[in-house]
>>> print(open('entry08.txt').read())   # compact mmCIF, C-alpha atoms
# COMPACT_ATOMS: atom_id res chain seq x y z
CA MET A 9 -28.73 -7.54 -0.41
CA ASN A 10 -29.98 -9.00 -3.67
CA CYS A 11 -28.67 -12.56 -3.93
CA PHE A 12 -28.16 -12.17 -7.69
CA TYR A 13 -25.86 -9.18 -7.04
CA LYS A 14 -23.80 -11.22 -4.59
CA PHE A 15 -23.60 -14.07 -7.06
CA GLY A 16 -22.49 -11.67 -9.79
CA CYS A 17 -19.70 -10.34 -7.55
CA ARG A 18 -18.45 -13.84 -6.83
CA VAL A 19 -18.52 -14.80 -10.53
CA PHE A 20 -16.50 -11.70 -11.38
CA GLN A 21 -13.98 -12.48 -8.60
CA LYS A 22 -13.58 -16.07 -9.72
CA THR A 23 -13.03 -14.88 -13.28
CA MET A 24 -10.35 -12.48 -12.05
CA TRP A 25 -8.71 -15.28 -10.04
CA VAL A 26 -8.48 -17.41 -13.18
CA ALA A 27 -7.21 -14.44 -15.20
CA MET A 28 -4.45 -13.86 -12.66
CA TRP A 29 -2.80 -17.07 -13.80
CA VAL A 30 -2.42 -15.88 -17.38
CA LEU A 31 -1.50 -12.24 -16.78
CA PRO A 32 2.03 -11.16 -17.78
CA TRP A 33 3.35 -10.81 -14.23
CA LYS A 34 6.56 -8.84 -13.92
CA GLN A 35 9.12 -10.27 -11.56
CA ASN A 36 11.50 -8.22 -9.47
CA LYS A 37 14.73 -8.23 -11.47
CA GLY A 38 17.07 -7.07 -8.73
CA THR A 39 17.25 -6.05 -5.10
CA LEU A 40 19.88 -4.00 -3.30
CA SER A 41 19.76 -4.54 0.44
CA GLY A 42 21.60 -3.50 3.55
CA ALA A 43 22.80 -0.33 5.24
CA GLY A 44 24.09 2.18 2.69
CA SER A 45 22.80 0.26 -0.30
CA VAL A 46 21.01 3.34 -1.66
CA ARG A 47 24.39 4.80 -2.65
CA GLU A 48 25.07 1.79 -4.86
CA LEU A 49 22.00 2.42 -7.02
CA PRO A 50 23.45 4.75 -9.72
CA LYS A 51 26.29 2.35 -10.55
CA PHE A 52 23.79 -0.51 -10.55
CA LEU A 53 21.64 1.36 -13.08
CA LYS A 54 24.57 2.60 -15.17
CA ASP A 55 25.79 -0.97 -15.57
CA LYS A 56 22.39 -1.77 -17.07
CA GLY A 57 22.67 1.03 -19.63
CA PHE A 58 20.57 3.80 -18.06
CA LYS A 59 21.70 7.42 -18.31
CA SER A 60 19.20 9.81 -16.69
CA ILE A 61 17.27 9.31 -13.46
CA LEU A 62 14.08 11.03 -12.29
CA ILE A 63 13.80 10.77 -8.51
CA VAL A 64 10.23 11.14 -7.24
CA THR A 65 9.85 12.08 -3.57
CA ASP A 66 8.13 14.52 -1.21
CA GLY A 67 9.27 17.88 0.10
CA GLY A 68 9.98 16.63 3.61
CA LEU A 69 12.35 13.87 2.50
CA PHE A 70 13.97 16.21 0.01
CA LYS A 71 14.69 18.79 2.73
CA LEU A 72 16.15 16.04 4.90
CA GLY A 73 18.64 15.32 2.12
CA MET A 74 17.37 11.80 1.41
CA ALA A 75 17.98 12.23 -2.31
CA ASP A 76 21.46 13.72 -1.89
CA PRO A 77 23.41 10.41 -1.74
CA ILE A 78 21.76 9.26 -4.97
CA LEU A 79 22.47 12.56 -6.74
CA ALA A 80 26.09 12.53 -5.54
CA ALA A 81 26.53 8.96 -6.74
CA CYS A 82 24.93 9.90 -10.09
CA GLU A 83 27.48 12.67 -10.52
CA ALA A 84 30.33 10.32 -9.64
CA GLU A 85 29.10 7.84 -12.24
CA GLY A 86 28.60 10.48 -14.92
CA MET A 87 24.84 10.08 -14.90
CA LYS A 88 22.18 12.77 -14.91
CA GLY A 89 19.87 13.03 -11.91
CA CYS A 90 16.90 15.31 -11.23
CA VAL A 91 14.32 15.38 -8.43
CA TYR A 92 10.59 15.97 -8.46
CA HIS A 93 9.91 16.67 -4.78
CA ASP A 94 6.35 18.01 -4.57
CA VAL A 95 4.49 14.74 -3.96
CA VAL A 96 1.69 15.18 -1.40
CA PRO A 97 0.51 12.48 1.08
CA ASN A 98 -2.32 11.40 -1.23
CA PRO A 99 -0.68 12.02 -4.65
CA THR A 100 -2.81 13.91 -7.13
CA ILE A 101 -3.24 13.94 -10.88
CA GLY A 102 -1.44 17.30 -10.82
CA ASN A 103 1.57 15.70 -9.12
CA ILE A 104 1.78 13.12 -11.86
CA GLU A 105 1.51 15.66 -14.67
CA ASP A 106 4.21 17.87 -13.11
CA GLY A 107 6.53 14.89 -12.67
CA LEU A 108 5.87 13.79 -16.24
CA LYS A 109 6.92 17.21 -17.51
CA MET A 110 10.23 16.99 -15.61
CA TYR A 111 10.80 13.46 -16.90
CA LYS A 112 10.46 14.65 -20.50
CA GLU A 113 12.47 17.86 -20.06
CA ASN A 114 15.45 15.92 -18.69
CA ALA A 115 15.26 13.04 -21.19
CA CYS A 116 15.02 10.54 -18.33
CA ASP A 117 15.04 6.81 -18.97
CA VAL A 118 14.41 5.47 -15.45
CA ILE A 119 12.13 6.53 -12.58
CA VAL A 120 13.20 6.15 -8.95
CA ALA A 121 10.52 6.37 -6.25
CA LEU A 122 12.02 7.48 -2.94
CA GLY A 123 9.61 7.46 -0.02
CA GLY A 124 6.48 5.71 1.16
CA GLY A 125 3.43 4.68 -0.80
CA SER A 126 2.66 8.21 -1.97
CA ALA A 127 5.99 8.64 -3.77
CA MET A 128 5.68 5.19 -5.31
CA ASP A 129 2.09 5.77 -6.41
CA CYS A 130 3.13 9.06 -8.03
CA ALA A 131 6.12 7.43 -9.74
CA LYS A 132 3.91 4.64 -11.08
CA GLY A 133 1.45 7.23 -12.34
CA ILE A 134 4.24 9.08 -14.14
CA GLY A 135 5.41 5.82 -15.67
CA ALA A 136 1.88 5.02 -16.82
CA ARG A 137 1.60 8.43 -18.50
CA VAL A 138 4.95 7.89 -20.24
CA ALA A 139 3.72 4.53 -21.51
CA ARG A 140 0.26 5.83 -22.45
CA PRO A 141 0.74 9.49 -23.47
CA LYS A 142 -2.74 9.70 -25.02
CA LYS A 143 -4.54 8.41 -21.91
CA THR A 144 -5.36 10.53 -18.86
CA ILE A 145 -5.00 9.16 -15.34
CA PRO A 146 -8.81 8.91 -14.88
CA GLN A 147 -8.96 6.87 -18.09
CA MET A 148 -6.55 4.34 -16.55
CA LYS A 149 -8.61 3.95 -13.36
CA GLY A 150 -9.51 0.36 -12.58
CA VAL A 151 -8.00 -2.89 -13.80
CA LEU A 152 -5.73 -3.50 -16.82
CA ARG A 153 -6.10 -0.05 -18.37
CA VAL A 154 -2.36 0.52 -18.97
CA MET A 155 -1.12 -2.75 -20.51
CA LYS A 156 2.00 -1.27 -22.06
CA LYS A 157 5.63 -1.41 -20.96
CA LEU A 158 6.67 1.38 -18.57
CA PRO A 159 10.10 2.92 -18.14
CA PRO A 160 12.02 0.95 -15.51
CA LEU A 161 10.74 1.72 -12.00
CA VAL A 162 13.02 1.54 -8.97
CA ALA A 163 11.39 1.55 -5.53
CA ILE A 164 13.26 2.79 -2.46
CA PRO A 165 10.90 2.54 0.52
CA THR A 166 11.55 4.93 3.41
CA THR A 167 8.70 3.46 5.43
CA SER A 168 7.83 -0.16 6.12
CA GLY A 169 4.18 -0.54 5.34
CA THR A 170 2.72 0.26 1.96
CA GLY A 171 4.31 -2.64 0.11
CA SER A 172 4.07 -0.53 -3.03
CA GLU A 173 7.53 -1.74 -3.99
CA ALA A 174 5.90 -5.11 -4.78
CA THR A 175 2.45 -4.18 -6.03
CA LEU A 176 0.61 -3.56 -9.28
CA ALA A 177 -1.43 -0.73 -7.75
CA ALA A 178 -1.11 3.04 -7.79
CA VAL A 179 -3.63 4.96 -5.68
CA ILE A 180 -4.36 8.46 -6.99
CA SER A 181 -6.46 11.31 -5.60
CA ASN A 182 -8.59 13.72 -7.60
CA PRO A 183 -8.89 16.96 -5.58
CA GLU A 184 -11.75 18.18 -7.76
CA THR A 185 -14.04 15.23 -7.01
CA HIS A 186 -12.48 14.25 -3.62
CA GLU A 187 -12.17 10.76 -5.07
CA LYS A 188 -9.29 8.39 -4.35
CA TYR A 189 -9.00 5.37 -6.61
CA PRO A 190 -6.52 2.68 -7.68
CA ILE A 191 -4.97 1.91 -11.04
CA ASN A 192 -4.21 -1.82 -11.15
CA ASP A 193 -1.96 -3.32 -13.78
CA PRO A 194 1.00 -5.76 -13.62
CA VAL A 195 3.14 -3.31 -15.62
CA LEU A 196 3.18 -1.04 -12.54
CA ILE A 197 5.18 -3.51 -10.43
CA PRO A 198 8.63 -1.95 -9.82
CA ARG A 199 11.48 -3.68 -11.62
CA TYR A 200 14.10 -3.05 -8.91
CA VAL A 201 13.90 -2.57 -5.14
CA VAL A 202 16.37 -1.01 -2.70
CA MET A 203 15.96 -1.92 1.00
CA ASP A 204 18.22 0.29 3.06
CA PRO A 205 17.23 0.17 6.75
CA GLU A 206 19.17 3.36 7.46
CA LEU A 207 16.48 5.27 5.55
CA THR A 208 13.85 4.27 8.12
CA LYS A 209 15.89 4.99 11.25
CA SER A 210 14.63 8.54 11.71
CA LEU A 211 10.94 7.76 11.23
CA PRO A 212 8.74 9.25 13.97
CA LYS A 213 7.06 6.69 16.20
CA HIS A 214 3.59 7.37 14.82
CA ILE A 215 4.80 6.75 11.27
CA THR A 216 6.56 3.54 12.30
CA SER A 217 3.38 2.30 13.99
CA THR A 218 0.81 3.22 11.35
CA THR A 219 2.88 2.06 8.38
CA GLY A 220 3.57 -1.19 10.20
CA MET A 221 -0.15 -1.67 10.76
CA ASP A 222 -0.69 -0.86 7.09
CA ALA A 223 1.53 -3.84 6.24
CA LEU A 224 -0.41 -5.99 8.70
CA THR A 225 -3.69 -4.96 7.07
CA HIS A 226 -2.35 -5.94 3.65
CA ALA A 227 -1.30 -9.36 4.89
CA VAL A 228 -4.52 -10.04 6.81
CA GLU A 229 -6.88 -8.91 4.06
CA ALA A 230 -4.92 -10.90 1.48
CA TYR A 231 -5.01 -14.04 3.65
CA ILE A 232 -8.73 -13.98 4.50
CA GLY A 233 -9.85 -13.15 0.96
CA GLY A 234 -11.06 -15.64 -1.61
CA GLU A 235 -8.37 -15.37 -4.29
CA ASN A 236 -5.35 -16.81 -2.54
CA THR A 237 -2.64 -19.00 -3.99
CA SER A 238 -0.22 -21.12 -2.00
CA GLN A 239 2.41 -18.39 -2.52
CA THR A 240 0.21 -15.49 -1.38
CA LYS A 241 -0.75 -17.40 1.78
CA LYS A 242 2.91 -18.16 2.45
CA ASP A 243 3.90 -14.51 1.93
CA ALA A 244 1.06 -13.24 4.14
CA VAL A 245 1.90 -15.64 6.96
CA GLU A 246 5.60 -14.76 6.83
CA ALA A 247 4.76 -11.04 6.86
CA ILE A 248 2.47 -11.42 9.90
CA THR A 249 5.12 -13.47 11.69
CA LEU A 250 7.73 -10.75 11.13
CA ILE A 251 5.34 -7.97 12.16
CA ASN A 252 4.45 -9.82 15.35
CA LYS A 253 8.13 -10.09 16.25
CA TYR A 254 9.62 -6.83 14.99
CA LEU A 255 7.05 -4.00 14.70
CA LYS A 256 6.96 -3.15 18.39
CA ARG A 257 10.76 -3.43 18.54
CA ALA A 258 11.13 -0.94 15.70
CA TYR A 259 8.56 1.33 17.38
CA ASP A 260 10.35 1.23 20.75
CA ASN A 261 13.85 1.68 19.33
CA GLY A 262 14.16 3.38 15.97
CA ASP A 263 17.90 2.64 15.82
CA ASP A 264 17.31 -1.12 15.87
CA LEU A 265 18.51 -1.82 12.32
CA GLU A 266 17.60 -5.51 12.51
CA ALA A 267 14.00 -4.68 13.39
CA ARG A 268 13.91 -1.98 10.72
CA ASN A 269 15.23 -4.37 8.08
CA LYS A 270 12.81 -7.12 9.08
CA MET A 271 9.90 -4.69 8.85
CA GLN A 272 11.04 -3.74 5.33
CA GLN A 273 10.92 -7.43 4.46
CA ALA A 274 7.48 -7.77 6.07
CA ALA A 275 6.09 -4.85 4.08
CA TYR A 276 7.51 -6.29 0.86
CA LEU A 277 6.04 -9.75 1.52
CA ALA A 278 2.65 -8.29 2.43
CA GLY A 279 2.78 -6.27 -0.78
CA LYS A 280 3.49 -9.40 -2.80
CA ALA A 281 0.57 -11.14 -1.11
CA PHE A 282 -2.09 -8.51 -1.69
CA THR A 283 -1.03 -7.60 -5.21
CA ARG A 284 -2.12 -11.12 -6.24
CA ALA A 285 -4.84 -11.80 -3.64
CA TYR A 286 -6.26 -8.25 -3.32
CA VAL A 287 -7.43 -6.45 -0.20
CA GLY A 288 -10.95 -5.80 1.13
CA TYR A 289 -13.42 -3.44 2.74
CA VAL A 290 -10.83 -2.04 5.16
CA HIS A 291 -9.00 -0.48 2.23
CA ALA A 292 -12.16 0.60 0.45
CA VAL A 293 -13.25 2.61 3.49
CA ALA A 294 -9.72 3.87 4.23
CA HIS A 295 -9.34 5.22 0.69
CA THR A 296 -12.47 7.36 1.04
CA LEU A 297 -11.10 8.85 4.28
CA GLY A 298 -7.89 9.73 2.46
CA GLY A 299 -9.73 11.21 -0.50
CA GLU A 300 -12.29 13.21 1.50
CA TYR A 301 -10.27 14.28 4.53
CA GLY A 302 -6.61 13.48 3.88
CA VAL A 303 -6.48 10.87 6.65
CA PRO A 304 -3.12 9.05 6.38
CA HIS A 305 -3.71 5.65 4.84
CA GLY A 306 -1.83 3.62 7.45
CA LEU A 307 -3.69 5.29 10.31
CA ALA A 308 -7.04 4.70 8.63
CA ASN A 309 -6.28 1.03 8.05
CA ALA A 310 -5.07 0.53 11.61
CA VAL A 311 -8.24 1.99 13.09
CA ILE A 312 -10.67 0.31 10.69
CA LEU A 313 -9.15 -3.21 10.63
CA PRO A 314 -10.55 -4.58 13.93
CA TYR A 315 -14.04 -3.22 13.20
CA VAL A 316 -14.24 -4.87 9.78
CA LEU A 317 -12.87 -8.19 11.03
CA LYS A 318 -15.50 -8.26 13.78
CA ALA A 319 -18.26 -7.39 11.32
CA TYR A 320 -17.29 -10.30 9.04
CA GLY A 321 -18.31 -12.69 11.80
CA LYS A 322 -18.50 -16.35 10.82
CA SER A 323 -17.42 -15.69 7.22
CA ALA A 324 -13.82 -14.93 8.29
CA GLU A 325 -13.69 -17.03 11.45
CA LYS A 326 -11.77 -20.03 10.09
CA LYS A 327 -8.94 -18.04 8.52
CA LEU A 328 -8.64 -15.62 11.45
CA ALA A 329 -8.30 -18.63 13.75
CA GLN A 330 -5.45 -19.86 11.52
CA LEU A 331 -3.76 -16.48 11.87
CA ALA A 332 -4.15 -16.75 15.63
CA ASP A 333 -1.98 -19.87 15.40
CA VAL A 334 0.60 -17.88 13.43
CA VAL A 335 1.09 -15.37 16.26
CA GLY A 336 0.85 -18.01 19.00
CA LEU A 337 -2.62 -17.33 20.37
CA LYS A 338 -4.69 -20.02 22.07
CA GLY A 339 -8.43 -20.62 22.24
CA GLU A 340 -10.93 -23.31 23.12
CA SER A 341 -12.80 -22.92 19.83
CA ARG A 342 -12.31 -21.49 16.38
CA GLU A 343 -14.50 -18.54 17.30
CA GLU A 344 -12.47 -17.80 20.41
CA LYS A 345 -9.19 -17.97 18.50
CA ALA A 346 -10.54 -15.64 15.82
CA ASN A 347 -11.68 -13.18 18.49
CA ASN A 348 -8.29 -13.44 20.20
CA PHE A 349 -6.57 -12.54 16.94
CA ILE A 350 -8.72 -9.43 16.59
CA LYS A 351 -7.97 -8.58 20.23
CA TRP A 352 -4.25 -8.98 19.46
CA ILE A 353 -4.60 -6.36 16.73
CA GLU A 354 -6.42 -4.00 19.10
CA ASP A 355 -3.76 -4.50 21.78
CA LEU A 356 -0.96 -3.88 19.26
CA ASN A 357 -2.68 -0.64 18.20
CA SER A 358 -3.07 0.42 21.82
CA SER A 359 0.57 -0.35 22.68
CA MET A 360 1.64 2.11 19.97
CA ALA A 361 -0.85 4.88 20.85
CA ILE A 362 -3.01 4.34 17.78
CA PRO A 363 -6.56 5.62 18.47
CA THR A 364 -9.76 3.61 18.18
CA LYS A 365 -11.68 6.30 16.26
CA ILE A 366 -11.10 8.63 13.31
CA THR A 367 -11.36 12.17 14.68
CA ASN A 368 -10.33 15.70 13.82
CA ARG A 369 -7.27 17.29 15.41
CA GLU A 370 -9.32 18.46 18.39
CA GLY A 371 -10.63 14.95 19.02
CA GLY A 372 -14.09 15.72 17.67
CA GLN A 373 -16.09 14.18 14.84
CA LEU A 374 -14.34 14.37 11.49
CA ILE A 375 -16.74 12.55 9.17
CA GLU A 376 -19.62 14.81 8.18
CA GLU A 377 -23.12 13.41 7.78
CA GLU A 378 -23.67 15.19 4.47
CA ARG A 379 -20.55 13.55 2.97
CA LEU A 380 -21.34 10.07 4.23
CA PRO A 381 -23.64 8.89 1.37
CA LYS A 382 -21.01 9.76 -1.24
CA MET A 383 -18.26 8.06 0.78
CA ILE A 384 -20.36 4.90 1.08
CA GLU A 385 -20.91 4.90 -2.68
CA HIS A 386 -17.19 5.34 -3.38
CA ALA A 387 -16.22 2.56 -0.97
CA LEU A 388 -18.70 0.15 -2.51
CA SER A 389 -17.75 1.01 -6.08
CA GLU A 390 -14.10 0.31 -5.25
CA ALA A 391 -14.72 -2.95 -3.40
CA ASN A 392 -17.56 -4.52 -5.38
CA PRO A 393 -17.23 -6.62 -7.44
CA LEU A 394 -13.40 -6.61 -7.43
CA TYR A 395 -12.34 -7.40 -3.86
CA PRO A 396 -12.85 -11.06 -2.86
CA CYS A 397 -13.89 -10.30 0.73
CA PRO A 398 -15.12 -13.07 3.07
CA ALA A 399 -18.64 -11.62 2.72
CA VAL A 400 -20.21 -9.40 0.06
CA TRP A 401 -21.51 -6.21 1.68
CA GLY A 402 -23.91 -3.50 0.66
CA LYS A 403 -24.61 0.03 1.85
CA PRO A 404 -25.92 -0.89 5.34
CA GLU A 405 -22.80 -2.85 6.29
CA ILE A 406 -20.44 -0.16 5.00
CA GLU A 407 -22.38 2.55 6.82
CA LYS A 408 -22.05 0.61 10.09
CA ILE A 409 -18.26 0.67 9.74
CA TYR A 410 -18.21 4.44 9.18
CA ARG A 411 -20.46 5.01 12.19
CA ALA A 412 -18.34 2.67 14.33
CA ILE A 413 -15.19 4.71 13.68
CA MET A 414 -16.81 8.17 13.94
>>> encode(input="entry08.txt", output="structure tokens")
Amino acid sequence: MNCFYKFGCRVFQKTMWVAMWVLPWKQNKGTLSGAGSVRELPKFLKDKGFKSILIVTDGGLFKLGMADPILAACEAEGMKGCVYHDVVPNPTIGNIEDGLKMYKENACDVIVALGGGSAMDCAKGIGARVARPKKTIPQMKGVLRVMKKLPPLVAIPTTSGTGSEATLAAVISNPETHEKYPINDPVLIPRYVVMDPELTKSLPKHITSTTGMDALTHAVEAYIGGENTSQTKKDAVEAITLINKYLKRAYDNGDDLEARNKMQQAAYLAGKAFTRAYVGYVHAVAHTLGGEYGVPHGLANAVILPYVLKAYGKSAEKKLAQLADVVGLKGESREEKANNFIKWIEDLNSSMAIPTKITNREGGQLIEEERLPKMIEHALSEANPLYPCPAVWGKPEIEKIYRAIM
């Protein structure tokens, strides 16, 4: 790759790192935690002067009655509550526009995201459209394109992985172009968070595993990147420590409320880490798989993570060896410890029946050759120059990752 291009990427990343210190970061202003805490939310919001809630969730959670306790508590408190429940796994511009219409029709003054990353991304998108009514979602793609106060956002995660309850990112899909891209702005960080472990008890094993590995990917990519602070490193290390101890427990026994609660904490900490320190090529590739083929984001990250870490080679070796210490792995050299950490990830995937390749439902090849050039372009345009990865890659390196997972 052209050395001037690499240098330009690093200059941009260093500029962003400096800018991070002067951005108007929003702090979480309140957290409700513990079994049953979701039912306390309406009173909590009423006491702060809010009157009408828009709940944003997906059809599956709505049918399971996940929103019912909130609606019942709204009624008891004399508040208005309505539900937009058509969010799809990779939320679309259409989802956001439909939710925005419901928000306006019901004179809402607060948005509650109930679900995983998709519900939160959609809720953030709705909030961005409320704040910027004259801007379309594509016009807010990228960094600092909102920059105006949103309605209060409340995040209620029903999975333990995306970390969206702590992040400045909303990832949106455009079905017309098959593109999946982030909107990044500090105003998108939710103001309040509800961590109720009872909401994650009924998660299927494959959702528990892949969302947990999503959280691990966030923490690892944040830690090995080049824009860390002492706080992001601390948050990433704590998240990885919790995941090492509690993810497999939550996977093996869904009723283990302690493990469920600890994984909620891990996802939140990993979210805090990567919203300041960013992610890397794992996410850039995973987003194209979601946009082109609808591959669940956590599954894509879980499969891709070991391949990318291996491909980084010496550039990530020191920090991966440090993470090996975090999870108690030994090694005679830094290289061996780094390799042992990658092997630990592979073994964790295997123990939870996560595959080593991205395939179609029949186990055959999913990624089509004719779509590959466009996917490579999208992955590179997302990652470069923004993501402070251990190494700056070009098309050949990205293509190798796609071919490794095919």
>>> atom_distance(input="entry08.txt", atom1="CA of Ser358 in chain A", atom2="CA of Val311 in chain A")
10.3 Å
>>> residues_around(input="entry08.txt", residues="Phe20 in chain A", least_positions_apart="5", cutoff="12 Å", atoms="all atoms listed in the file", output="ChimeraX atom specification")
/A:13-15,25-27,234-235,391-396
>>> residues_around(input="entry08.txt", residues="range 71-81 of chain A", least_positions_apart="2", cutoff="8 Å", atoms="all atoms listed in the file", output="PyMOL selection string")
chain A and resi 46-51+63+67-69+83-85+89-91+122+207
>>> atom_distance(input="entry08.txt", atom1="CA of Asn114 in chain A", atom2="CA of Asp129 in chain A")
20.8 Å
>>> residues_around(input="entry08.txt", residues="Ile197 in chain A", least_positions_apart="3", cutoff="9 Å", atoms="all atoms listed in the file", output="ChimeraX atom specification")
/A:33-36,132,161,172-177,193-194
>>> residues_near_point(input="entry08.txt", point="(-0.4, 15.2, -9.8)", cutoff="10 Å", atoms="all atoms listed in the file", output="MDAnalysis selection string")
chainID A and resid 94:96 98:108 130 133:134 145 180:183
>>> residues_around(input="entry08.txt", residues="Phe349 in chain A", least_positions_apart="4", cutoff="12 Å", atoms="only C-alpha atoms", output="VMD selection string")
chain A and resid 228 248 252 313 to 314 317 to 318 324 to 339 342 to 345 353 to 356
>>> atom_distance(input="entry08.txt", atom1="CA of Ala223 in chain A", atom2="CA of Gly169 in chain A")
4.3 Å
>>> residues_near_point(input="entry08.txt", point="(-3.1, -11.2, -2.0)", cutoff="12 Å", atoms="all atoms listed in the file", output="ChimeraX atom specification")
/A:25,28,171,174-176,223,225-245,247,277-288,395-397
>>> write_last_selection(input="entry08.txt", atoms="C-alpha atoms", output="short mmCIF file (atom, residue, chain, number, x, y, z; two decimals), in the coordinates of the input")
data_model
loop_
_atom_site.label_atom_id
_atom_site.label_comp_id
_atom_site.auth_asym_id
_atom_site.auth_seq_id
_atom_site.Cartn_x
_atom_site.Cartn_y
_atom_site.Cartn_z
CA TRP A 25 -8.71 -15.28 -10.04
CA MET A 28 -4.45 -13.86 -12.66
CA GLY A 171 4.31 -2.64 0.11
CA ALA A 174 5.90 -5.11 -4.78
CA THR A 175 2.45 -4.18 -6.03
CA LEU A 176 0.61 -3.56 -9.28
CA ALA A 223 1.53 -3.84 6.24
CA THR A 225 -3.69 -4.96 7.07
CA HIS A 226 -2.35 -5.94 3.65
CA ALA A 227 -1.30 -9.36 4.89
CA VAL A 228 -4.52 -10.04 6.81
CA GLU A 229 -6.88 -8.91 4.06
CA ALA A 230 -4.92 -10.90 1.48
CA TYR A 231 -5.01 -14.04 3.65
CA ILE A 232 -8.73 -13.98 4.50
CA GLY A 233 -9.85 -13.15 0.96
CA GLY A 234 -11.06 -15.64 -1.61
CA GLU A 235 -8.37 -15.37 -4.29
CA ASN A 236 -5.35 -16.81 -2.54
CA THR A 237 -2.64 -19.00 -3.99
CA SER A 238 -0.22 -21.12 -2.00
CA GLN A 239 2.41 -18.39 -2.52
CA THR A 240 0.21 -15.49 -1.38
CA LYS A 241 -0.75 -17.40 1.78
CA LYS A 242 2.91 -18.16 2.45
CA ASP A 243 3.90 -14.51 1.93
CA ALA A 244 1.06 -13.24 4.14
CA VAL A 245 1.90 -15.64 6.96
CA ALA A 247 4.76 -11.04 6.86
CA LEU A 277 6.04 -9.75 1.52
CA ALA A 278 2.65 -8.29 2.43
CA GLY A 279 2.78 -6.27 -0.78
CA LYS A 280 3.49 -9.40 -2.80
CA ALA A 281 0.57 -11.14 -1.11
CA PHE A 282 -2.09 -8.51 -1.69
CA THR A 283 -1.03 -7.60 -5.21
CA ARG A 284 -2.12 -11.12 -6.24
CA ALA A 285 -4.84 -11.80 -3.64
CA TYR A 286 -6.26 -8.25 -3.32
CA VAL A 287 -7.43 -6.45 -0.20
CA GLY A 288 -10.95 -5.80 1.13
CA TYR A 395 -12.34 -7.40 -3.86
CA PRO A 396 -12.85 -11.06 -2.86
CA CYS A 397 -13.89 -10.30 0.73
#
>>> decode(input="entry08.txt", residues="range 400-411 of chain A", atoms="N, CA and C atoms", output="PDB file, in the first residue's frame")
ATOM      1  N   VAL A 400      -2.539  -0.632   9.055  1.00  0.00           N
ATOM      2  CA  VAL A 400      -3.421  -0.069   8.034  1.00  0.00           C
ATOM      3  C   VAL A 400      -3.434  -1.031   6.847  1.00  0.00           C
ATOM      4  N   TRP A 401      -4.625  -1.509   6.505  1.00  0.00           N
ATOM      5  CA  TRP A 401      -4.764  -2.488   5.423  1.00  0.00           C
ATOM      6  C   TRP A 401      -5.337  -1.854   4.166  1.00  0.00           C
ATOM      7  N   GLY A 402      -5.103  -2.563   3.064  1.00  0.00           N
ATOM      8  CA  GLY A 402      -5.704  -2.210   1.794  1.00  0.00           C
ATOM      9  C   GLY A 402      -6.562  -3.352   1.281  1.00  0.00           C
ATOM     10  N   LYS A 403      -6.885  -3.309   0.003  1.00  0.00           N
ATOM     11  CA  LYS A 403      -7.772  -4.315  -0.590  1.00  0.00           C
ATOM     12  C   LYS A 403      -7.244  -5.751  -0.459  1.00  0.00           C
ATOM     13  N   PRO A 404      -5.959  -6.011  -0.694  1.00  0.00           N
ATOM     14  CA  PRO A 404      -5.481  -7.405  -0.609  1.00  0.00           C
ATOM     15  C   PRO A 404      -5.693  -8.042   0.765  1.00  0.00           C
ATOM     16  N   GLU A 405      -5.413  -7.270   1.818  1.00  0.00           N
ATOM     17  CA  GLU A 405      -5.559  -7.819   3.170  1.00  0.00           C
ATOM     18  C   GLU A 405      -7.021  -8.080   3.511  1.00  0.00           C
ATOM     19  N   ILE A 406      -7.904  -7.170   3.108  1.00  0.00           N
ATOM     20  CA  ILE A 406      -9.329  -7.361   3.369  1.00  0.00           C
ATOM     21  C   ILE A 406      -9.856  -8.558   2.585  1.00  0.00           C
ATOM     22  N   GLU A 407      -9.433  -8.689   1.344  1.00  0.00           N
ATOM     23  CA  GLU A 407      -9.883  -9.821   0.534  1.00  0.00           C
ATOM     24  C   GLU A 407      -9.466 -11.146   1.162  1.00  0.00           C
ATOM     25  N   LYS A 408      -8.272 -11.197   1.733  1.00  0.00           N
ATOM     26  CA  LYS A 408      -7.802 -12.436   2.389  1.00  0.00           C
ATOM     27  C   LYS A 408      -8.727 -12.837   3.536  1.00  0.00           C
ATOM     28  N   ILE A 409      -9.227 -11.856   4.277  1.00  0.00           N
ATOM     29  CA  ILE A 409     -10.145 -12.174   5.376  1.00  0.00           C
ATOM     30  C   ILE A 409     -11.439 -12.758   4.835  1.00  0.00           C
ATOM     31  N   TYR A 410     -12.012 -12.135   3.795  1.00  0.00           N
ATOM     32  CA  TYR A 410     -13.239 -12.673   3.204  1.00  0.00           C
ATOM     33  C   TYR A 410     -13.018 -14.098   2.724  1.00  0.00           C
ATOM     34  N   ARG A 411     -11.904 -14.347   2.060  1.00  0.00           N
ATOM     35  CA  ARG A 411     -11.672 -15.689   1.513  1.00  0.00           C
ATOM     36  C   ARG A 411     -11.395 -16.701   2.633  1.00  0.00           C
TER      37      ARG A 411
END
